[in-house]
$ cat my_file.pdb   # PDB, C-alpha atoms
ATOM      1  CA  MET A  40       0.000   0.000   0.000
ATOM      2  CA  THR A  41       2.016   2.933  -1.233
ATOM      3  CA  ALA A  42       0.406   5.717  -3.233
ATOM      4  CA  GLN A  43      -2.996   4.825  -1.828
ATOM      5  CA  ASN A  44      -1.511   4.938   1.649
ATOM      6  CA  ASN A  45      -0.974   8.692   1.495
ATOM      7  CA  GLY A  46      -4.634   9.429   0.960
ATOM      8  CA  THR A  47      -5.743   6.843   3.487
ATOM      9  CA  ALA A  48      -3.363   8.080   6.172
ATOM     10  CA  THR A  49      -4.411  11.682   5.496
ATOM     11  CA  TRP A  50      -8.063  10.873   5.978
ATOM     12  CA  ALA A  51      -7.270   8.894   9.124
ATOM     13  CA  LEU A  52      -5.575  12.001  10.473
ATOM     14  CA  VAL A  53      -8.459  14.233   9.367
ATOM     15  CA  SER A  54     -10.884  11.863  11.118
ATOM     16  CA  LEU A  55      -8.860  12.016  14.310
ATOM     17  CA  VAL A  56      -8.636  15.807  14.206
ATOM     18  CA  ALA A  57     -12.367  16.115  13.476
ATOM     19  CA  TRP A  58     -13.145  13.777  16.389
ATOM     20  CA  LEU A  59     -10.874  15.698  18.770
ATOM     21  CA  ALA A  60     -12.260  19.053  17.659
ATOM     22  CA  SER A  61     -15.845  17.847  18.050
ATOM     23  CA  ARG A  62     -15.070  16.390  21.428
ATOM     24  CA  ILE A  63     -13.498  19.628  22.672
ATOM     25  CA  TYR A  64     -16.410  21.675  21.353
ATOM     26  CA  LEU A  65     -19.039  19.386  22.881
ATOM     27  CA  MET A  66     -17.216  19.420  26.220
ATOM     28  CA  GLU A  67     -16.359  23.093  26.508
ATOM     29  CA  PHE A  68     -19.241  25.008  24.947
ATOM     30  CA  ASP A  69     -22.957  25.326  25.412
ATOM     31  CA  TYR A  70     -25.060  24.380  22.393
ATOM     32  CA  PRO A  71     -28.585  23.356  21.576
ATOM     33  CA  LYS A  72     -29.055  19.596  21.454
ATOM     34  CA  PRO A  73     -29.824  19.437  17.708
ATOM     35  CA  LEU A  74     -26.464  21.112  17.072
ATOM     36  CA  GLY A  75     -24.753  18.623  19.378
ATOM     37  CA  TYR A  76     -26.286  15.688  17.526
ATOM     38  CA  SER A  77     -25.350  17.260  14.173
ATOM     39  CA  ILE A  78     -21.730  17.728  15.222
ATOM     40  CA  ALA A  79     -21.523  14.167  16.464
ATOM     41  CA  LEU A  80     -22.937  12.798  13.210
ATOM     42  CA  LEU A  81     -20.918  15.086  10.931
ATOM     43  CA  THR A  82     -17.743  13.928  12.648
ATOM     44  CA  LEU A  83     -18.397  10.544  11.069
ATOM     45  CA  VAL A  84     -18.084  11.940   7.538
ATOM     46  CA  PRO A  85     -14.272  12.093   7.348
ATOM     47  CA  PHE A  86     -14.128   8.681   8.968
ATOM     48  CA  LEU A  87     -16.456   7.266   6.307
ATOM     49  CA  VAL A  88     -14.162   8.736   3.641
ATOM     50  CA  PHE A  89     -11.207   7.113   5.394
ATOM     51  CA  LEU A  90     -13.036   3.762   5.443
ATOM     52  CA  PHE A  91     -13.825   4.033   1.745
ATOM     53  CA  ARG A  92     -10.204   4.848   0.884
ATOM     54  CA  PHE A  93      -8.930   2.121   3.186
ATOM     55  CA  PHE A  94     -11.023  -0.547   1.502
ATOM     56  CA  LYS A  95     -10.023   0.802  -1.914
ATOM     57  CA  ALA A  96      -6.357   0.653  -0.882
ATOM     58  CA  VAL A  97      -6.695  -2.913   0.385
ATOM     59  CA  ARG A  98      -8.297  -3.965  -2.922
ATOM     60  CA  SER A  99      -5.470  -2.376  -4.898
ATOM     61  CA  VAL A 100      -2.521  -4.037  -3.209
ATOM     62  CA  ASP A 101      -1.080  -7.388  -4.171
ATOM     63  CA  GLU A 102      -2.369 -10.642  -2.765
ATOM     64  CA  LEU A 103       0.178 -11.007   0.004
ATOM     65  CA  GLU A 104      -0.521  -7.551   1.417
ATOM     66  CA  ARG A 105      -4.245  -8.274   1.152
ATOM     67  CA  GLN A 106      -3.718 -11.477   3.112
ATOM     68  CA  VAL A 107      -1.783  -9.568   5.772
ATOM     69  CA  GLN A 108      -4.584  -7.015   6.115
ATOM     70  CA  LEU A 109      -7.185  -9.781   6.250
ATOM     71  CA  GLU A 110      -5.354 -11.628   9.017
ATOM     72  CA  ALA A 111      -4.809  -8.406  10.961
ATOM     73  CA  LEU A 112      -8.507  -7.559  10.817
ATOM     74  CA  ALA A 113      -9.488 -11.179  11.484
ATOM     75  CA  LEU A 114      -7.548 -10.995  14.721
ATOM     76  CA  ALA A 115      -8.565  -7.455  15.662
ATOM     77  CA  PHE A 116     -12.302  -8.076  15.464
ATOM     78  CA  PRO A 117     -12.538 -11.066  17.817
ATOM     79  CA  LEU A 118      -9.919  -9.596  20.164
ATOM     80  CA  THR A 119     -11.984  -6.448  20.479
ATOM     81  CA  VAL A 120     -15.164  -8.447  21.030
ATOM     82  CA  LEU A 121     -13.341 -10.494  23.658
ATOM     83  CA  GLY A 122     -12.253  -7.325  25.438
ATOM     84  CA  LEU A 123     -15.768  -5.933  25.395
ATOM     85  CA  LEU A 124     -17.257  -9.205  26.632
ATOM     86  CA  LEU A 125     -14.767  -9.264  29.488
ATOM     87  CA  LEU A 126     -15.568  -5.703  30.448
ATOM     88  CA  SER A 127     -19.298  -6.397  30.330
ATOM     89  CA  LEU A 128     -18.817  -9.187  32.864
ATOM     90  CA  LEU A 129     -16.409  -7.225  35.044
ATOM     91  CA  GLN A 130     -18.973  -4.443  35.148
ATOM     92  CA  MET A 131     -21.327  -6.822  36.911
ATOM     93  CA  VAL A 132     -18.730  -7.659  39.538
ATOM     94  CA  ALA A 133     -17.575  -4.136  40.258
ATOM     95  CA  PRO A 134     -19.060  -0.977  38.724
ATOM     96  CA  LEU A 135     -16.552   0.480  36.311
ATOM     97  CA  ASN A 136     -15.826   4.148  36.667
ATOM     98  CA  ALA A 137     -17.375   5.908  33.660
ATOM     99  CA  GLU A 138     -14.543   8.436  33.749
ATOM    100  CA  ASN A 139     -12.037   5.693  32.969
ATOM    101  CA  TRP A 140     -14.171   3.181  31.066
ATOM    102  CA  SER A 141     -16.193   5.215  28.617
ATOM    103  CA  TYR A 142     -16.418   4.479  24.884
ATOM    104  CA  ARG A 143     -13.490   6.750  24.129
ATOM    105  CA  HIS A 144     -11.261   4.645  26.365
ATOM    106  CA  LEU A 145     -12.312   1.453  24.656
ATOM    107  CA  LEU A 146     -11.634   2.844  21.189
ATOM    108  CA  PRO A 147      -7.861   2.418  21.409
ATOM    109  CA  MET A 148      -8.492  -1.275  22.074
ATOM    110  CA  VAL A 149      -9.612  -1.674  18.473
ATOM    111  CA  PHE A 150      -6.519  -0.015  17.042
ATOM    112  CA  ILE A 151      -4.166  -1.831  19.381
ATOM    113  CA  ALA A 152      -5.730  -5.158  18.394
ATOM    114  CA  TYR A 153      -5.407  -4.259  14.695
ATOM    115  CA  LEU A 154      -1.778  -3.195  15.052
ATOM    116  CA  PHE A 155      -1.047  -6.382  17.005
ATOM    117  CA  GLY A 156      -2.664  -8.462  14.277
ATOM    118  CA  LEU A 157      -0.721  -6.553  11.627
ATOM    119  CA  MET A 158       2.543  -7.218  13.432
ATOM    120  CA  LEU A 159       1.816 -10.933  13.733
ATOM    121  CA  ALA A 160       0.770 -11.274  10.105
ATOM    122  CA  LYS A 161       3.817  -9.399   8.805
ATOM    123  CA  ARG A 162       6.077 -11.559  10.932
ATOM    124  CA  ARG A 163       4.360 -14.720   9.713
ATOM    125  CA  TYR A 164       4.995 -13.880   6.069
ATOM    126  CA  GLY A 165       8.469 -12.521   6.647
ATOM    127  CA  LEU A 166       7.552  -8.970   5.727
ATOM    128  CA  SER A 167       9.780  -6.312   7.172
ATOM    129  CA  GLU A 168      11.557  -3.159   6.033
ATOM    130  CA  THR A 169      14.868  -4.932   6.316
ATOM    131  CA  ALA A 170      13.904  -8.133   4.512
ATOM    132  CA  ALA A 171      16.791  -8.647   2.159
ATOM    133  CA  GLU A 172      16.517 -10.025  -1.328
ATOM    134  CA  ASN A 173      16.977 -13.730  -1.202
ATOM    135  CA  ASP A 174      19.444 -14.051  -4.032
TER
ATOM    136  CA  MET B 207       4.111 -26.739  -1.065
ATOM    137  CA  LYS B 208       7.606 -26.265  -2.368
ATOM    138  CA  ASN B 209       8.780 -24.364  -5.368
ATOM    139  CA  SER B 210      11.796 -23.918  -7.574
ATOM    140  CA  ILE B 211      11.435 -20.217  -8.238
ATOM    141  CA  LYS B 212      14.918 -19.413  -7.020
ATOM    142  CA  VAL B 213      16.432 -22.026  -9.332
ATOM    143  CA  GLU B 214      14.400 -20.770 -12.277
ATOM    144  CA  ARG B 215      15.399 -17.197 -11.548
ATOM    145  CA  ALA B 216      19.046 -18.197 -11.440
ATOM    146  CA  LYS B 217      18.704 -19.890 -14.828
ATOM    147  CA  LYS B 218      17.379 -16.673 -16.287
ATOM    148  CA  ASP B 219      19.622 -14.427 -14.205
ATOM    149  CA  MET B 220      16.581 -12.692 -12.857
ATOM    150  CA  THR B 221      16.246 -10.849  -9.570
ATOM    151  CA  GLN B 222      13.244 -11.082  -7.289
ATOM    152  CA  GLY B 223      12.434  -7.490  -8.175
ATOM    153  CA  GLU B 224      12.411  -8.244 -11.892
ATOM    154  CA  LEU B 225      10.183 -11.264 -11.407
ATOM    155  CA  ALA B 226       7.894  -9.203  -9.178
ATOM    156  CA  GLU B 227       7.618  -6.531 -11.832
ATOM    157  CA  GLN B 228       6.797  -9.016 -14.553
ATOM    158  CA  THR B 229       4.105 -10.701 -12.469
ATOM    159  CA  GLY B 230       2.598  -7.501 -11.044
ATOM    160  CA  VAL B 231       3.321  -8.124  -7.386
ATOM    161  CA  SER B 232       5.766  -6.738  -4.842
ATOM    162  CA  ARG B 233       9.259  -8.102  -4.373
ATOM    163  CA  GLN B 234       8.292  -9.041  -0.838
ATOM    164  CA  THR B 235       5.570 -11.287  -2.227
ATOM    165  CA  ILE B 236       8.067 -13.122  -4.407
ATOM    166  CA  ASN B 237      10.402 -13.364  -1.428
ATOM    167  CA  ALA B 238       7.649 -14.820   0.754
ATOM    168  CA  ILE B 239       6.673 -17.355  -1.930
ATOM    169  CA  GLU B 240      10.274 -18.461  -2.426
ATOM    170  CA  ALA B 241      10.721 -18.857   1.317
ATOM    171  CA  GLY B 242       7.643 -21.069   1.429
ATOM    172  CA  LYS B 243       5.839 -18.644   3.725
ATOM    173  CA  PHE B 244       3.082 -17.725   1.302
ATOM    174  CA  VAL B 245       1.134 -19.849  -1.165
ATOM    175  CA  PRO B 246       0.358 -17.833  -4.300
ATOM    176  CA  SER B 247      -3.026 -17.767  -5.928
ATOM    177  CA  THR B 248      -3.600 -19.827  -9.046
ATOM    178  CA  LEU B 249      -3.403 -16.694 -11.150
ATOM    179  CA  LEU B 250      -0.074 -15.640  -9.720
ATOM    180  CA  ALA B 251       1.348 -19.159  -9.964
ATOM    181  CA  LEU B 252       0.393 -19.267 -13.645
ATOM    182  CA  LYS B 253       1.944 -15.858 -14.244
ATOM    183  CA  ILE B 254       5.185 -16.973 -12.608
ATOM    184  CA  ALA B 255       5.234 -20.139 -14.683
ATOM    185  CA  ARG B 256       4.620 -18.129 -17.850
ATOM    186  CA  VAL B 257       7.568 -15.838 -17.073
ATOM    187  CA  PHE B 258       9.817 -18.884 -16.788
ATOM    188  CA  GLY B 259       8.296 -20.555 -19.827
ATOM    189  CA  ALA B 260       7.602 -23.679 -17.826
ATOM    190  CA  PRO B 261       4.457 -25.551 -16.782
ATOM    191  CA  VAL B 262       3.193 -24.562 -13.374
ATOM    192  CA  GLU B 263       3.734 -28.107 -12.101
ATOM    193  CA  ALA B 264       7.436 -27.729 -12.837
ATOM    194  CA  ILE B 265       7.629 -24.674 -10.581
ATOM    195  CA  PHE B 266       5.304 -25.676  -7.748
ATOM    196  CA  GLU B 267       5.099 -29.080  -6.142
ATOM    197  CA  LEU B 268       2.841 -30.481  -3.466
ATOM    198  CA  GLU B 269       4.519 -31.884  -0.395
ATOM    199  CA  GLU B 270       3.486 -34.730   1.888
ATOM    200  CA  GLY B 271       0.799 -33.421   4.148
ATOM    201  CA  ASP B 272      -0.422 -30.747   1.761
TER
END
$ encode --input "my_file.pdb" --output "structure tokens"
Amino acid sequence: MTAQNNGTATWALVSLVAWLASRIYLMEFDYPKPLGYSIALLTLVPFLVFLFRFFKAVRSVDELERQVQLEALALAFPLTVLGLLLLSLLQMVAPLNAENWSYRHLLPMVFIAYLFGLMLAKRRYGLSETAAEND
Amino acid sequence: MKNSIKVERAKKDMTQGELAEQTGVSRQTINAIEAGKFVPSTLLALKIARVFGAPVEAIFELEEGD
């Protein structure tokens, strides 16, 4: 994923900035509820563009890179579900502090799981920046 | 599955990068296939065989347990 990567990474960054900006605005300012809902929903737009570009990038790479992405996502999804299931049970044992266990705290779990899956898949197929030509 | 891509490349004095370019994949993909870490799709296997001018069965071989 090379040329496509630039656009995908840019939109990932735009999504993050939009989310942070929305979050700051919704926390710090007073606003009518319809505006609050609109801001929350509009924040999804750059992320939808990122998703579209990400899927387009994955379809454009060669089969090995596609396999790596597939395995990374195949690991990330169940790992995230596992984490959420665990938290849902722990919540019954001891109430989890909403300040520390809100949705925004769980979000990094998804990315960490994806990055972990990506690392494992790249290692499995011997992909690394320093992989020398086998001549 | 084992393959003789490295041998075939040596016969034609071809680098992994050159083979990758001719088959439309990355050099890392060719490297992974040669190392036996990745099984190519039928399409890619046929493309590789065509580059070497050999039947695909001459390049790729099933192993016991495959």
$ resolve_selection --input "my_file.pdb" --expression "the PyMOL selection byres ((chain A) within 6 of (chain B))" --output "MDAnalysis selection string"
chainID A and resid 101 103 164
$ atom_distance --input "my_file.pdb" --atom1 "CA of Ala113 in chain A" --atom2 "CA of Leu154 in chain A"
11.7 Å
$ axis_aligned_box --input "my_file.pdb" --around "range 132-148 of chain A" --padding-each-side "3 Å" --output "lines of an AutoDock Vina configuration file"
center_x = -13.5
center_y = 0.4
center_z = 30.7
size_x = 17.2
size_y = 22.1
size_z = 25.1
$ resolve_selection --input "my_file.pdb" --expression "the PyMOL selection byres ((chain A and resi 138-143) around 12)" --output "list in words"
Trp58, Leu59, Arg62, Leu123, Leu126, Ser127, Leu129, Gln130, Pro134, Leu135, Asn136, Ala137, His144, Leu145, Leu146, Pro147, Met148 and Val149 of chain A
$ resolve_selection --input "my_file.pdb" --expression "the PyMOL selection byres ((chain A and resi 78-87) around 6)" --output "PyMOL selection string"
chain A and resi 54+57-58+75-77+88-90
$ atom_distance --input "my_file.pdb" --atom1 "CA of Ser61 in chain A" --atom2 "CA of Pro73 in chain A"
14.1 Å
$ closest_residue --input "my_file.pdb" --among "B:Glu214, B:Asp219, B:Glu267, B:Asp272" --to "Ile254 in chain B" --atoms "only C-alpha atoms"
B:Glu214
$ closest_residue --input "my_file.pdb" --among "B:Phe266, B:Arg256, B:Gly271, B:Thr229" --to "Lys208 in chain B" --atoms "all atoms listed in the file"
B:Phe266
$ closest_residue --input "my_file.pdb" --among "B:Leu268, B:Lys217, B:Ser210, B:Glu227" --to "Ala255 in chain B" --atoms "only C-alpha atoms"
B:Ser210
$ build_atoms --input "my_file.pdb" --residues "range 125-139 of chain A" --atoms "N, CA and C atoms" --output "PDB file, keeping the file's coordinate frame"
ATOM      1  N   LEU A 125     -15.398  -9.209  28.168  1.00  0.00           N
ATOM      2  CA  LEU A 125     -14.767  -9.264  29.488  1.00  0.00           C
ATOM      3  C   LEU A 125     -15.204  -8.078  30.338  1.00  0.00           C
ATOM      4  N   LEU A 126     -15.175  -6.903  29.713  1.00  0.00           N
ATOM      5  CA  LEU A 126     -15.568  -5.703  30.448  1.00  0.00           C
ATOM      6  C   LEU A 126     -17.035  -5.759  30.871  1.00  0.00           C
ATOM      7  N   SER A 127     -17.872  -6.321  29.999  1.00  0.00           N
ATOM      8  CA  SER A 127     -19.298  -6.397  30.330  1.00  0.00           C
ATOM      9  C   SER A 127     -19.524  -7.297  31.544  1.00  0.00           C
ATOM     10  N   LEU A 128     -18.698  -8.306  31.698  1.00  0.00           N
ATOM     11  CA  LEU A 128     -18.817  -9.187  32.864  1.00  0.00           C
ATOM     12  C   LEU A 128     -18.214  -8.539  34.106  1.00  0.00           C
ATOM     13  N   LEU A 129     -17.053  -7.895  33.910  1.00  0.00           N
ATOM     14  CA  LEU A 129     -16.409  -7.225  35.044  1.00  0.00           C
ATOM     15  C   LEU A 129     -17.306  -6.132  35.626  1.00  0.00           C
ATOM     16  N   GLN A 130     -18.075  -5.515  34.729  1.00  0.00           N
ATOM     17  CA  GLN A 130     -18.973  -4.443  35.148  1.00  0.00           C
ATOM     18  C   GLN A 130     -20.033  -4.947  36.115  1.00  0.00           C
ATOM     19  N   MET A 131     -20.325  -6.243  36.023  1.00  0.00           N
ATOM     20  CA  MET A 131     -21.327  -6.822  36.911  1.00  0.00           C
ATOM     21  C   MET A 131     -20.706  -7.104  38.280  1.00  0.00           C
ATOM     22  N   VAL A 132     -19.415  -7.339  38.290  1.00  0.00           N
ATOM     23  CA  VAL A 132     -18.730  -7.659  39.538  1.00  0.00           C
ATOM     24  C   VAL A 132     -18.447  -6.382  40.318  1.00  0.00           C
ATOM     25  N   ALA A 133     -17.887  -5.407  39.618  1.00  0.00           N
ATOM     26  CA  ALA A 133     -17.575  -4.136  40.258  1.00  0.00           C
ATOM     27  C   ALA A 133     -17.889  -3.026  39.278  1.00  0.00           C
ATOM     28  N   PRO A 134     -18.700  -2.047  39.659  1.00  0.00           N
ATOM     29  CA  PRO A 134     -19.060  -0.977  38.724  1.00  0.00           C
ATOM     30  C   PRO A 134     -17.822  -0.273  38.198  1.00  0.00           C
ATOM     31  N   LEU A 135     -17.720  -0.156  36.909  1.00  0.00           N
ATOM     32  CA  LEU A 135     -16.552   0.480  36.311  1.00  0.00           C
ATOM     33  C   LEU A 135     -16.758   1.982  36.252  1.00  0.00           C
ATOM     34  N   ASN A 136     -15.771   2.698  36.641  1.00  0.00           N
ATOM     35  CA  ASN A 136     -15.826   4.148  36.667  1.00  0.00           C
ATOM     36  C   ASN A 136     -15.989   4.682  35.246  1.00  0.00           C
ATOM     37  N   ALA A 137     -17.089   5.400  35.011  1.00  0.00           N
ATOM     38  CA  ALA A 137     -17.375   5.908  33.660  1.00  0.00           C
ATOM     39  C   ALA A 137     -16.296   6.871  33.185  1.00  0.00           C
ATOM     40  N   GLU A 138     -15.619   7.525  34.134  1.00  0.00           N
ATOM     41  CA  GLU A 138     -14.543   8.436  33.749  1.00  0.00           C
ATOM     42  C   GLU A 138     -13.394   7.690  33.098  1.00  0.00           C
ATOM     43  N   ASN A 139     -13.180   6.461  33.485  1.00  0.00           N
ATOM     44  CA  ASN A 139     -12.037   5.693  32.969  1.00  0.00           C
ATOM     45  C   ASN A 139     -12.435   4.599  31.985  1.00  0.00           C
TER      46      ASN A 139
END
